[in-house]
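Structure data (mmCIF, C-alpha atoms) from structure-v4.cif:
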data_protein
#
loop_
_atom_site.label_atom_id
_atom_site.label_comp_id
_atom_site.auth_asym_id
_atom_site.auth_seq_id
_atom_site.Cartn_x
_atom_site.Cartn_y
_atom_site.Cartn_z
CA MET A 1 43.00 2.12 -74.06
CA PHE A 2 45.39 5.08 -74.61
CA ARG A 3 48.36 3.00 -73.48
CA ILE A 4 47.47 0.17 -75.84
CA THR A 5 47.06 2.52 -78.81
CA ARG A 6 50.28 4.40 -78.04
CA HIS A 7 52.36 1.20 -77.89
CA ILE A 8 50.85 -0.28 -81.00
CA LEU A 9 51.55 2.94 -82.90
CA ALA A 10 55.15 2.76 -81.70
CA VAL A 11 55.47 -0.82 -82.95
CA THR A 12 53.94 0.21 -86.26
CA CYS A 13 56.37 3.05 -86.76
CA MET A 14 59.42 0.97 -85.82
CA LEU A 15 58.53 -1.61 -88.42
CA GLY A 16 57.78 0.93 -91.12
CA PHE A 17 54.05 0.24 -91.41
CA GLY A 18 52.84 3.77 -90.71
CA ALA A 19 49.66 5.22 -92.13
CA SER A 20 51.64 7.00 -94.84
CA ALA A 21 53.06 3.77 -96.25
CA GLN A 22 51.84 3.03 -99.75
CA ALA A 23 52.50 -0.70 -99.64
CA ALA A 24 49.66 -3.12 -99.00
CA PRO A 25 49.16 -3.82 -95.28
CA PRO A 26 50.83 -6.99 -93.98
CA LYS A 27 48.37 -9.86 -94.07
CA ALA A 28 48.68 -12.72 -91.60
CA GLU A 29 46.71 -15.93 -91.77
CA VAL A 30 47.03 -17.53 -88.33
CA ILE A 31 46.11 -21.15 -87.63
CA HIS A 32 45.17 -21.77 -83.99
CA TRP A 33 42.98 -23.89 -81.75
CA TRP A 34 41.69 -21.13 -79.44
CA THR A 35 38.05 -22.08 -79.93
CA ALA A 36 36.49 -22.21 -76.44
CA GLY A 37 34.56 -19.17 -75.27
CA GLY A 38 37.26 -17.52 -73.18
CA GLU A 39 39.92 -18.46 -75.73
CA SER A 40 37.94 -16.88 -78.56
CA ALA A 41 37.74 -13.63 -76.64
CA ALA A 42 41.50 -13.73 -76.10
CA VAL A 43 42.38 -14.37 -79.74
CA ARG A 44 40.10 -11.49 -80.77
CA SER A 45 42.18 -9.15 -78.63
CA LEU A 46 45.33 -10.39 -80.40
CA ALA A 47 43.69 -9.92 -83.79
CA ASP A 48 42.53 -6.43 -82.80
CA ALA A 49 46.05 -5.47 -81.73
CA TYR A 50 47.45 -6.70 -85.03
CA LYS A 51 44.83 -4.75 -86.97
CA ALA A 52 45.54 -1.62 -84.90
CA ALA A 53 49.20 -1.96 -85.88
CA GLY A 54 48.23 -1.80 -89.53
CA GLY A 55 47.93 -5.49 -90.33
CA ILE A 56 45.18 -7.69 -91.71
CA TRP A 57 44.36 -10.74 -89.57
CA VAL A 58 42.98 -13.84 -91.30
CA ASP A 59 41.62 -16.22 -88.68
CA THR A 60 41.83 -19.98 -89.26
CA ALA A 61 40.53 -21.70 -86.14
CA VAL A 62 40.80 -25.50 -85.96
CA ALA A 63 39.32 -27.33 -82.98
CA LEU A 64 41.80 -29.37 -80.91
CA GLY A 65 45.53 -28.75 -80.77
CA GLU A 66 46.62 -31.99 -82.41
CA GLN A 67 44.35 -31.38 -85.38
CA ALA A 68 45.42 -27.74 -85.73
CA ARG A 69 49.10 -28.68 -85.70
CA SER A 70 48.45 -31.39 -88.28
CA VAL A 71 46.75 -28.87 -90.58
CA THR A 72 49.71 -26.51 -90.18
CA ILE A 73 52.29 -29.16 -91.00
CA ASN A 74 50.31 -30.41 -94.00
CA ARG A 75 50.01 -26.85 -95.28
CA ILE A 76 53.78 -26.30 -94.93
CA VAL A 77 54.65 -29.58 -96.66
CA GLY A 78 52.10 -28.83 -99.38
CA GLY A 79 53.68 -25.49 -100.18
CA ASN A 80 50.78 -23.36 -98.90
CA PRO A 81 51.91 -22.33 -95.41
CA PRO A 82 50.06 -19.87 -93.19
CA VAL A 83 51.96 -16.80 -92.02
CA ALA A 84 51.86 -18.07 -88.43
CA ALA A 85 50.52 -20.97 -86.38
CA GLN A 86 49.94 -21.77 -82.74
CA PHE A 87 52.03 -24.44 -81.04
CA ASN A 88 52.63 -25.15 -77.37
CA THR A 89 55.74 -24.03 -75.53
CA SER A 90 57.32 -27.44 -75.91
CA ARG A 91 59.32 -29.61 -78.30
CA GLN A 92 56.34 -29.86 -80.66
CA PHE A 93 57.97 -27.69 -83.33
CA LEU A 94 61.59 -28.84 -82.93
CA ASP A 95 61.30 -31.15 -85.94
CA LEU A 96 60.11 -28.22 -88.06
CA ILE A 97 63.19 -26.23 -87.04
CA GLU A 98 65.52 -29.14 -87.76
CA GLN A 99 63.95 -29.59 -91.20
CA ASP A 100 64.33 -25.86 -91.97
CA MET A 101 60.58 -25.33 -92.19
CA LEU A 102 60.39 -22.21 -89.99
CA ASN A 103 61.57 -18.64 -90.38
CA ASN A 104 63.29 -17.05 -87.41
CA VAL A 105 62.30 -13.66 -85.99
CA ASP A 106 65.76 -12.72 -84.73
CA GLU A 107 65.39 -9.10 -85.82
CA VAL A 108 62.35 -8.56 -83.60
CA ALA A 109 63.65 -10.60 -80.65
CA ILE A 110 66.99 -8.80 -80.53
CA ARG A 111 65.52 -5.34 -81.06
CA ASP A 112 62.84 -5.82 -78.39
CA GLY A 113 65.19 -7.54 -75.91
CA TRP A 114 63.41 -10.86 -75.46
CA ASP A 115 66.39 -12.24 -73.54
CA LYS A 116 65.81 -9.62 -70.86
CA PHE A 117 62.23 -10.48 -69.97
CA LEU A 118 61.53 -14.08 -71.01
CA PRO A 119 61.89 -16.83 -68.39
CA GLU A 120 64.82 -19.14 -69.06
CA THR A 121 62.49 -22.11 -69.47
CA VAL A 122 60.68 -20.35 -72.31
CA LEU A 123 63.89 -19.10 -73.94
CA LYS A 124 65.29 -22.64 -74.05
CA VAL A 125 62.27 -23.72 -76.08
CA ILE A 126 62.01 -20.88 -78.60
CA LYS A 127 65.74 -20.15 -79.07
CA VAL A 128 67.48 -22.93 -80.95
CA ASN A 129 71.10 -22.71 -82.14
CA GLY A 130 71.08 -19.00 -81.37
CA HIS A 131 67.96 -18.19 -83.40
CA TYR A 132 64.45 -17.26 -82.22
CA TYR A 133 61.87 -19.43 -83.95
CA ALA A 134 58.69 -18.61 -82.03
CA ALA A 135 56.96 -15.68 -80.36
CA PRO A 136 55.59 -16.70 -76.94
CA VAL A 137 52.19 -15.23 -76.17
CA ASN A 138 51.53 -16.47 -72.63
CA ILE A 139 52.53 -18.60 -69.68
CA HIS A 140 50.02 -21.20 -68.61
CA MET A 141 50.31 -23.28 -65.47
CA PRO A 142 48.48 -26.56 -66.12
CA THR A 143 47.80 -27.77 -62.58
CA TRP A 144 45.75 -25.01 -60.95
CA ILE A 145 43.12 -26.22 -58.49
CA TRP A 146 39.84 -24.36 -59.00
CA TYR A 147 36.89 -24.55 -56.63
CA SER A 148 33.35 -23.25 -56.54
CA LYS A 149 32.69 -20.99 -53.56
CA PRO A 150 28.93 -21.80 -53.49
CA ALA A 151 29.67 -25.55 -53.65
CA PHE A 152 32.17 -25.28 -50.80
CA LYS A 153 29.61 -23.35 -48.77
CA LYS A 154 26.91 -25.95 -49.41
CA ALA A 155 29.31 -28.73 -48.36
CA GLY A 156 30.30 -26.89 -45.18
CA ILE A 157 33.92 -26.36 -46.21
CA ALA A 158 34.98 -23.31 -44.27
CA SER A 159 38.47 -22.70 -45.60
CA GLU A 160 40.58 -23.28 -48.70
CA PRO A 161 42.58 -26.54 -48.70
CA LYS A 162 46.23 -26.00 -47.86
CA SER A 163 47.54 -29.51 -48.54
CA VAL A 164 46.71 -32.59 -50.58
CA ASP A 165 45.24 -34.22 -47.46
CA GLU A 166 42.95 -31.22 -46.96
CA LEU A 167 41.98 -31.38 -50.63
CA PHE A 168 40.83 -35.00 -50.24
CA ALA A 169 38.97 -34.04 -47.07
CA ALA A 170 37.15 -31.33 -49.06
CA LEU A 171 36.31 -33.80 -51.83
CA ASN A 172 34.79 -36.13 -49.23
CA LYS A 173 32.59 -33.31 -47.90
CA LEU A 174 31.46 -32.37 -51.39
CA LYS A 175 30.52 -35.98 -52.08
CA ALA A 176 28.58 -36.20 -48.83
CA ALA A 177 26.68 -33.04 -49.80
CA GLY A 178 25.47 -34.68 -53.03
CA LEU A 179 27.68 -32.63 -55.34
CA VAL A 180 30.14 -33.84 -57.94
CA PRO A 181 33.41 -33.50 -56.02
CA LEU A 182 35.79 -33.40 -59.00
CA ALA A 183 34.69 -32.07 -62.39
CA HIS A 184 36.72 -34.00 -64.93
CA GLY A 185 36.78 -34.87 -68.60
CA GLY A 186 37.88 -38.42 -69.25
CA GLN A 187 40.42 -37.63 -71.96
CA GLY A 188 44.06 -38.68 -71.93
CA TRP A 189 45.51 -35.18 -71.76
CA GLN A 190 43.19 -34.24 -68.88
CA GLU A 191 44.26 -37.32 -66.93
CA SER A 192 47.87 -36.33 -67.55
CA ILE A 193 47.09 -33.01 -65.88
CA LEU A 194 45.69 -34.76 -62.79
CA PHE A 195 48.79 -36.93 -62.61
CA THR A 196 51.10 -33.93 -62.99
CA ALA A 197 49.21 -32.11 -60.23
CA MET A 198 49.77 -35.00 -57.86
CA LEU A 199 53.42 -35.30 -58.92
CA ALA A 200 53.96 -31.60 -58.21
CA ASN A 201 52.02 -31.43 -54.94
CA VAL A 202 52.63 -34.87 -53.42
CA GLY A 203 56.14 -35.36 -54.77
CA GLY A 204 57.37 -31.76 -54.89
CA LYS A 205 59.88 -30.15 -57.24
CA ASP A 206 62.71 -32.64 -56.67
CA LEU A 207 60.61 -35.71 -57.48
CA TYR A 208 59.01 -33.87 -60.40
CA LEU A 209 62.39 -33.22 -62.00
CA LYS A 210 63.78 -36.67 -61.28
CA VAL A 211 60.82 -38.21 -63.10
CA PHE A 212 60.19 -35.80 -65.99
CA ARG A 213 63.66 -34.39 -66.59
CA ASP A 214 66.00 -37.17 -65.45
CA HIS A 215 63.77 -40.19 -66.18
CA ASP A 216 65.43 -41.74 -63.15
CA LYS A 217 64.41 -45.40 -62.92
CA ALA A 218 65.15 -45.73 -59.21
CA THR A 219 62.94 -42.74 -58.43
CA ILE A 220 60.11 -43.96 -60.66
CA ASN A 221 60.17 -47.34 -58.88
CA SER A 222 60.42 -45.74 -55.41
CA PRO A 223 57.77 -45.68 -52.65
CA ALA A 224 57.60 -41.88 -53.03
CA PHE A 225 56.52 -42.13 -56.66
CA LYS A 226 54.12 -44.97 -55.79
CA GLN A 227 52.46 -42.54 -53.37
CA VAL A 228 52.02 -40.05 -56.23
CA LEU A 229 50.38 -42.67 -58.45
CA THR A 230 48.12 -43.81 -55.61
CA ALA A 231 46.93 -40.24 -55.00
CA TYR A 232 46.31 -39.80 -58.72
CA LYS A 233 44.17 -42.97 -58.95
CA ARG A 234 42.33 -42.01 -55.76
CA LEU A 235 40.95 -38.92 -57.52
CA ARG A 236 38.88 -41.10 -59.86
CA ALA A 237 36.46 -42.01 -57.08
CA TYR A 238 35.38 -38.37 -56.93
CA THR A 239 34.35 -38.02 -60.59
CA ASP A 240 30.86 -38.57 -61.96
CA ALA A 241 29.52 -41.08 -64.49
CA GLY A 242 29.42 -38.43 -67.22
CA ALA A 243 33.16 -37.73 -67.04
CA PRO A 244 34.41 -39.93 -69.92
CA GLY A 245 34.92 -37.85 -73.05
CA ARG A 246 33.78 -34.59 -71.46
CA ASN A 247 35.49 -31.46 -72.76
CA TRP A 248 37.48 -29.44 -70.24
CA ASN A 249 35.32 -26.32 -70.63
CA ASP A 250 32.18 -28.36 -69.95
CA ALA A 251 33.82 -29.53 -66.74
CA THR A 252 34.55 -25.89 -65.85
CA ALA A 253 30.88 -25.09 -66.49
CA MET A 254 30.00 -27.57 -63.73
CA LEU A 255 31.85 -25.34 -61.26
CA ILE A 256 30.34 -22.19 -62.72
CA THR A 257 26.82 -23.58 -62.18
CA GLY A 258 27.64 -24.94 -58.72
CA LYS A 259 27.10 -28.58 -59.71
CA ALA A 260 30.69 -29.54 -58.91
CA GLY A 261 33.19 -28.42 -56.33
CA VAL A 262 36.71 -28.78 -57.72
CA GLN A 263 38.48 -28.92 -61.08
CA ILE A 264 42.20 -29.45 -61.64
CA MET A 265 42.96 -27.73 -64.90
CA GLY A 266 45.24 -25.17 -66.50
CA ASP A 267 44.61 -21.49 -66.04
CA TRP A 268 42.88 -21.32 -69.42
CA ALA A 269 39.86 -22.40 -67.36
CA LYS A 270 39.81 -18.92 -65.86
CA GLY A 271 38.79 -17.56 -69.24
CA GLU A 272 35.54 -19.53 -68.88
CA PHE A 273 34.89 -18.04 -65.44
CA SER A 274 35.52 -14.57 -66.83
CA LEU A 275 33.18 -15.17 -69.75
CA ALA A 276 30.49 -16.16 -67.24
CA LYS A 277 31.09 -12.89 -65.35
CA GLN A 278 32.40 -14.72 -62.30
CA ASN A 279 35.11 -13.19 -60.14
CA PRO A 280 38.00 -14.90 -58.32
CA GLY A 281 37.76 -14.71 -54.57
CA ILE A 282 33.99 -14.18 -54.78
CA ASP A 283 32.52 -16.84 -57.04
CA PHE A 284 35.48 -19.20 -57.29
CA GLY A 285 38.87 -19.81 -55.72
CA CYS A 286 42.23 -20.70 -57.24
CA ILE A 287 45.20 -22.59 -55.79
CA ALA A 288 48.48 -22.62 -57.71
CA GLY A 289 50.04 -25.23 -55.45
CA PHE A 290 50.41 -26.33 -51.86
CA GLY A 291 53.38 -24.54 -50.39
CA PRO A 292 56.81 -23.42 -51.61
CA ASN A 293 57.93 -26.96 -52.46
CA SER A 294 55.26 -27.17 -55.14
CA PRO A 295 56.76 -26.11 -58.48
CA TYR A 296 55.14 -23.57 -60.78
CA ILE A 297 54.96 -25.47 -64.05
CA ILE A 298 55.54 -23.30 -67.10
CA GLN A 299 53.46 -24.21 -70.09
CA GLY A 300 52.01 -21.94 -72.73
CA ASP A 301 51.45 -21.06 -76.34
CA VAL A 302 53.71 -19.67 -79.03
CA LEU A 303 53.32 -18.51 -82.60
CA VAL A 304 55.70 -20.11 -85.09
CA PHE A 305 56.41 -18.70 -88.53
CA PRO A 306 56.49 -21.17 -91.42
CA LYS A 307 59.30 -20.84 -93.95
CA THR A 308 58.70 -18.37 -96.76
CA SER A 309 60.77 -16.10 -98.95
CA ASN A 310 57.82 -13.86 -99.78
CA PRO A 311 58.83 -10.40 -98.50
CA GLU A 312 55.25 -9.40 -97.70
CA ALA A 313 54.71 -12.56 -95.65
CA ILE A 314 57.99 -11.96 -93.82
CA LYS A 315 56.87 -8.41 -92.99
CA ALA A 316 53.63 -9.83 -91.63
CA GLN A 317 55.55 -12.36 -89.50
CA LYS A 318 57.79 -9.66 -88.00
CA LEU A 319 54.88 -7.39 -87.24
CA LEU A 320 52.94 -10.23 -85.59
CA ALA A 321 55.95 -11.26 -83.47
CA ALA A 322 56.35 -7.66 -82.27
CA VAL A 323 52.66 -7.09 -81.58
CA ALA A 324 52.11 -10.44 -79.79
CA THR A 325 54.94 -9.84 -77.31
CA ALA A 326 54.23 -6.13 -76.69
CA PRO A 327 53.24 -5.23 -73.08
CA ALA A 328 49.81 -3.85 -74.02
CA THR A 329 48.91 -6.91 -76.08
CA GLN A 330 50.15 -9.17 -73.30
CA ILE A 331 47.76 -7.59 -70.80
CA ALA A 332 44.81 -7.60 -73.20
CA PHE A 333 45.33 -11.20 -74.34
CA ASN A 334 46.18 -12.82 -71.02
CA SER A 335 43.46 -11.09 -69.02
CA ARG A 336 40.99 -12.89 -71.29
CA LYS A 337 42.92 -16.14 -71.79
CA GLY A 338 43.38 -16.80 -68.07
CA SER A 339 47.16 -17.12 -68.41
CA ILE A 340 49.84 -14.73 -67.22
CA PRO A 341 52.04 -12.51 -69.41
CA ILE A 342 55.41 -13.73 -70.65
CA ARG A 343 57.04 -10.60 -69.27
CA THR A 344 57.24 -9.09 -65.78
CA ASP A 345 57.40 -5.43 -66.88
CA VAL A 346 53.62 -5.14 -67.14
CA ASP A 347 51.09 -3.49 -64.86
CA ALA A 348 49.96 -6.43 -62.73
CA SER A 349 47.17 -4.34 -61.19
CA LYS A 350 45.25 -4.85 -64.42
CA LEU A 351 45.20 -8.62 -63.83
CA ASP A 352 42.92 -10.57 -61.49
CA LEU A 353 44.05 -12.00 -58.17
CA CYS A 354 44.72 -15.50 -59.58
CA ALA A 355 47.02 -14.07 -62.26
CA GLN A 356 48.69 -11.88 -59.64
CA GLN A 357 49.25 -15.00 -57.53
CA GLY A 358 50.92 -16.66 -60.51
CA LEU A 359 53.11 -13.64 -61.28
CA ALA A 360 54.17 -13.43 -57.62
CA ILE A 361 55.25 -17.10 -57.62
CA MET A 362 57.08 -16.62 -60.93
CA LYS A 363 59.36 -14.08 -59.24
CA ASP A 364 60.83 -16.99 -57.26
CA LYS A 365 62.91 -18.60 -60.00
CA SER A 366 63.58 -21.63 -57.80
CA ARG A 367 59.93 -22.65 -58.25
CA GLN A 368 59.96 -22.41 -62.05
CA VAL A 369 60.07 -25.71 -63.94
CA GLY A 370 59.26 -26.70 -67.48
CA ASN A 371 56.24 -28.82 -68.24
CA GLY A 372 56.67 -32.48 -69.07
CA GLU A 373 56.66 -31.89 -72.82
CA VAL A 374 59.84 -29.81 -72.47
CA PHE A 375 61.70 -32.85 -71.12
CA MET A 376 60.06 -35.64 -73.10
CA THR A 377 59.90 -36.43 -76.78
CA PRO A 378 56.40 -36.54 -78.31
CA ASP A 379 56.65 -40.36 -78.39
CA GLN A 380 57.61 -40.54 -74.71
CA ASN A 381 54.83 -38.14 -73.79
CA GLY A 382 52.30 -40.17 -75.78
CA ALA A 383 53.41 -43.42 -74.16
CA LEU A 384 53.15 -41.89 -70.68
CA THR A 385 49.65 -40.61 -71.41
CA ASP A 386 48.55 -44.05 -72.59
CA ILE A 387 49.91 -45.68 -69.42
CA LEU A 388 48.22 -43.14 -67.15
CA THR A 389 44.88 -43.45 -68.95
CA ALA A 390 44.98 -47.24 -68.73
CA TYR A 391 45.80 -47.01 -65.02
CA TRP A 392 42.97 -44.50 -64.51
CA ASN A 393 40.35 -46.64 -66.22
CA THR A 394 41.37 -50.23 -65.37
CA SER A 395 42.61 -52.29 -62.46
CA VAL A 396 46.32 -52.23 -63.18
CA PRO A 397 48.67 -52.88 -60.22
CA VAL A 398 50.52 -49.70 -59.33
CA GLU A 399 53.86 -51.53 -59.36
CA LYS A 400 53.30 -52.47 -63.00
CA VAL A 401 52.50 -48.83 -63.79
CA GLN A 402 55.81 -47.81 -62.23
CA ARG A 403 57.71 -50.33 -64.33
CA ASP A 404 55.86 -49.28 -67.49
CA ILE A 405 56.57 -45.59 -66.91
CA ALA A 406 60.25 -46.28 -66.25
CA ALA A 407 60.47 -48.21 -69.51
CA ALA A 408 58.52 -45.61 -71.52
CA LEU A 409 60.65 -42.67 -70.34
CA ASN A 410 63.88 -44.50 -71.04
CA ASN A 411 62.95 -45.72 -74.48
#
Would you mind writing the file out in C-alpha cells?
Amino acid sequence: MFRITRHILAVTCMLGFGASAQAAPPKAEVIHWWTAGGESAAVRSLADAYKAAGGIWVDTAVALGEQARSVTINRIVGGNPPVAAQFNTSRQFLDLIEQDMLNNVDEVAIRDGWDKFLPETVLKVIKVNGHYYAAPVNIHMPTWIWYSKPAFKKAGIASEPKSVDELFAALNKLKAAGLVPLAHGGQGWQESILFTAMLANVGGKDLYLKVFRDHDKATINSPAFKQVLTAYKRLRAYTDAGAPGRNWNDATAMLITGKAGVQIMGDWAKGEFSLAKQNPGIDFGCIAGFGPNSPYIIQGDVLVFPKTSNPEAIKAQKLLAAVATAPATQIAFNSRKGSIPIRTDVDASKLDLCAQQGLAIMKDKSRQVGNGEVFMTPDQNGALTDILTAYWNTSVPVEKVQRDIAAALNN
C-alpha cells in the first residue's frame, strides 16, 4: 500500500494537483463497460487510484461494449462528452481521431516515456500521426484455455493438455464423465474467440498473420486453413443445450462450480475466478497456447479522451492518463481484471501464476501479434463474425466458408 500511495503522490505533485492547490479537484466522468463482478472490482481500483491522486471519479457504467461505445459517440456528437471513455485496443476509435473528436495526451506520454515500455503493437494503435490519443490500461489475451481442476479429476484427466489433439481428448473424457466439456456462450463475439484460438493453435503464427493481417486469398482457401475451420466447428459438439445466448461470465461460473471442464475465453475470465476466491494451479488451470509457435495475441482496453477546450476537463484527462498507466495502478487494476500490465517494469511477484505466464511469453517479441481488430476494419470484422456464427450454427460446407471469408476480408 505504501508503494501505491507514494507513486500516486508523485503523480499528483508532477501535475500540480497537490493538497495545497486551491483549484477545484479534477473531475472525470468515465464511460465504460466493466460491469461483470471481477471487472467491477478492477474499475474500483482505478477509481480509487484517481481519487488518491486528488481527482473526483464519476462512474458511468454501460453494459456491453458496443452499447457503451455508442453512448460515448452520441455524447460527443451531442456536445456533452465525458472526460474519458473505454474502447478496445483496436481501430474502434480511429474514426474519432480522423474527425478530430479526441484530445491527445502527448504531454503525459512523452513525460512518462510511454515509448519505452509499451509494446509496439499497442503503440501502433494509440499513436496516430505522432500523437498519443489513448491511455492503455491493460493487455488481454483473448484465447486462454481455462480448465477446472475438480472436473479434470472427475473425468480422469491426469495432466494438462499440451496440444490441440490432447485438448480434444480431454473434452471427450469430460463428456464421458457426464460433465459439460466446453462452457460456451452462443454469441457472435464468443464464437470469434473460439475460431481465433483454433487459428492460433492449429495454424500457428504464420497462418494467423496471413489470414488476419494479409487477407491472403490463397491461404484462406488452403487445406491448412480448412483444418482450422474444421477444428473450430468440431468444438460445437462439446457445448451444452443452454449455450446459445449465455454470457461469458456465466460460462466461467460453470467451471467455478465444477459443472464444466474447459472454457476458451480472454483472461478477463480470471477476474471471475478471483472473485470466487479460486486460485490458479489449485482450483483451475490456464493455458496461454500450445508451444512456441502459438502467438500471444495482444488485445486490451484503453481510455480515450473526447475533444474539449475546457481547461478543467483537460486537467482531469491528463491526470487520468498518468494515473491509469502508473506502475502501482497497473498492478492493482490488472491483478483484479485478470489481464497483464501494459509495462514490464512492474513487480511480477505480485501477480498470479497465469499473469506471470503471460508476462514471460510477452518477453519473446516474436510471439507478439495484434488481435484481429487491429488488422481488420469494423465492417470486415463484423462480416467475419457473421460468417463464423452461421458456420457454427448451421450446416454450411467448409469450402463455402473459406470462399466467404476470403471475399469478406478483401472487400
Any idea what's packed within 10 Å of region 302-306 of chain A, counting only C-alpha atoms, ignoring anything in its chain fewer than 6 positions away? Could you give it as a PDB file with C-alpha atoms, keeping the file's coordinate frame?
ATOM      1  CA  VAL A  30      47.030 -17.530 -88.330  1.00  0.00           C
ATOM      2  CA  ILE A  31      46.110 -21.150 -87.630  1.00  0.00           C
ATOM      3  CA  HIS A  32      45.170 -21.770 -83.990  1.00  0.00           C
ATOM      4  CA  THR A  72      49.710 -26.510 -90.180  1.00  0.00           C
ATOM      5  CA  ILE A  73      52.290 -29.160 -91.000  1.00  0.00           C
ATOM      6  CA  ARG A  75      50.010 -26.850 -95.280  1.00  0.00           C
ATOM      7  CA  ILE A  76      53.780 -26.300 -94.930  1.00  0.00           C
ATOM      8  CA  ASN A  80      50.780 -23.360 -98.900  1.00  0.00           C
ATOM      9  CA  PRO A  81      51.910 -22.330 -95.410  1.00  0.00           C
ATOM     10  CA  PRO A  82      50.060 -19.870 -93.190  1.00  0.00           C
ATOM     11  CA  VAL A  83      51.960 -16.800 -92.020  1.00  0.00           C
ATOM     12  CA  ALA A  84      51.860 -18.070 -88.430  1.00  0.00           C
ATOM     13  CA  ALA A  85      50.520 -20.970 -86.380  1.00  0.00           C
ATOM     14  CA  GLN A  86      49.940 -21.770 -82.740  1.00  0.00           C
ATOM     15  CA  PHE A  87      52.030 -24.440 -81.040  1.00  0.00           C
ATOM     16  CA  ASN A  88      52.630 -25.150 -77.370  1.00  0.00           C
ATOM     17  CA  THR A  89      55.740 -24.030 -75.530  1.00  0.00           C
ATOM     18  CA  SER A  90      57.320 -27.440 -75.910  1.00  0.00           C
ATOM     19  CA  PHE A  93      57.970 -27.690 -83.330  1.00  0.00           C
ATOM     20  CA  LEU A  96      60.110 -28.220 -88.060  1.00  0.00           C
ATOM     21  CA  ILE A  97      63.190 -26.230 -87.040  1.00  0.00           C
ATOM     22  CA  ASP A 100      64.330 -25.860 -91.970  1.00  0.00           C
ATOM     23  CA  MET A 101      60.580 -25.330 -92.190  1.00  0.00           C
ATOM     24  CA  LEU A 102      60.390 -22.210 -89.990  1.00  0.00           C
ATOM     25  CA  ASN A 103      61.570 -18.640 -90.380  1.00  0.00           C
ATOM     26  CA  ASN A 104      63.290 -17.050 -87.410  1.00  0.00           C
ATOM     27  CA  VAL A 105      62.300 -13.660 -85.990  1.00  0.00           C
ATOM     28  CA  VAL A 122      60.680 -20.350 -72.310  1.00  0.00           C
ATOM     29  CA  VAL A 125      62.270 -23.720 -76.080  1.00  0.00           C
ATOM     30  CA  ILE A 126      62.010 -20.880 -78.600  1.00  0.00           C
ATOM     31  CA  TYR A 132      64.450 -17.260 -82.220  1.00  0.00           C
ATOM     32  CA  TYR A 133      61.870 -19.430 -83.950  1.00  0.00           C
ATOM     33  CA  ALA A 134      58.690 -18.610 -82.030  1.00  0.00           C
ATOM     34  CA  ALA A 135      56.960 -15.680 -80.360  1.00  0.00           C
ATOM     35  CA  PRO A 136      55.590 -16.700 -76.940  1.00  0.00           C
ATOM     36  CA  VAL A 137      52.190 -15.230 -76.170  1.00  0.00           C
ATOM     37  CA  ASN A 138      51.530 -16.470 -72.630  1.00  0.00           C
ATOM     38  CA  ILE A 139      52.530 -18.600 -69.680  1.00  0.00           C
ATOM     39  CA  ALA A 313      54.710 -12.560 -95.650  1.00  0.00           C
ATOM     40  CA  ILE A 314      57.990 -11.960 -93.820  1.00  0.00           C
ATOM     41  CA  ALA A 316      53.630  -9.830 -91.630  1.00  0.00           C
ATOM     42  CA  GLN A 317      55.550 -12.360 -89.500  1.00  0.00           C
ATOM     43  CA  LYS A 318      57.790  -9.660 -88.000  1.00  0.00           C
ATOM     44  CA  LEU A 320      52.940 -10.230 -85.590  1.00  0.00           C
ATOM     45  CA  ALA A 321      55.950 -11.260 -83.470  1.00  0.00           C
ATOM     46  CA  ALA A 324      52.110 -10.440 -79.790  1.00  0.00           C
TER      47      ALA A 324
END
Just so the selection is clear, what residues does the PyMOL selection byres ((chain A and resi 61) around 9) cover here, as a ChimeraX atom specification? /A:30-35,59-60,62-63,68
Would you kindly translate the PyMOL selection byres ((chain A and resi 392-409) around 12) into the concrete residues it picks from this file, as a ChimeraX atom specification? /A:186-188,190-192,194-195,210-237,239,243-244,372-373,375-391,410-411
If we count all atoms listed in the file, what is near Gln357 (chain A) at a cut-off of 10 Å, once residues fewer than 4 positions away on the same chain are taken out, given as a PyMOL selection string? chain A and resi 286-288+340+351-353+361-362
Hey, what's within 12 Å of Asp364 (chain A) if we count only C-alpha atoms and toss same-chain stuff fewer than 2 positions away? As a PyMOL selection string, please? chain A and resi 119+292-296+357-362+366-369
In Å, how far is it from CA of Ser339 (chain A) to CA of Glu272 (chain A)?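 Spanning CA of Ser339 (chain A) to CA of Glu272 (chain A) is a straight-line distance of 11.9 Å.
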Evaluate the PyMOL selection byres ((chain A and resi 268-271) around 6) on the structure here and hand back the selected residues as a list in words.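 Going through the file, the PyMOL selection byres ((chain A and resi 268-271) around 6) ends up selecting Gly38, Gly266, Asp267, Glu272, Phe273, Ser274, Arg336, Lys337 and Gly338 of chain A.
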By how many Å are CA of Asp283 (chain A) and CA of Pro150 (chain A) apart? 7.1 Å
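Note that the spacing between CA of Val374 (chain A) and CA of Asn129 (chain A) amounts to 16.5 Å.
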Quick one: of A:Ala253, A:Leu171, A:Met265, A:Ala151, who's nearest to Ala197 (chain A), counting only C-alpha atoms? A:Met265
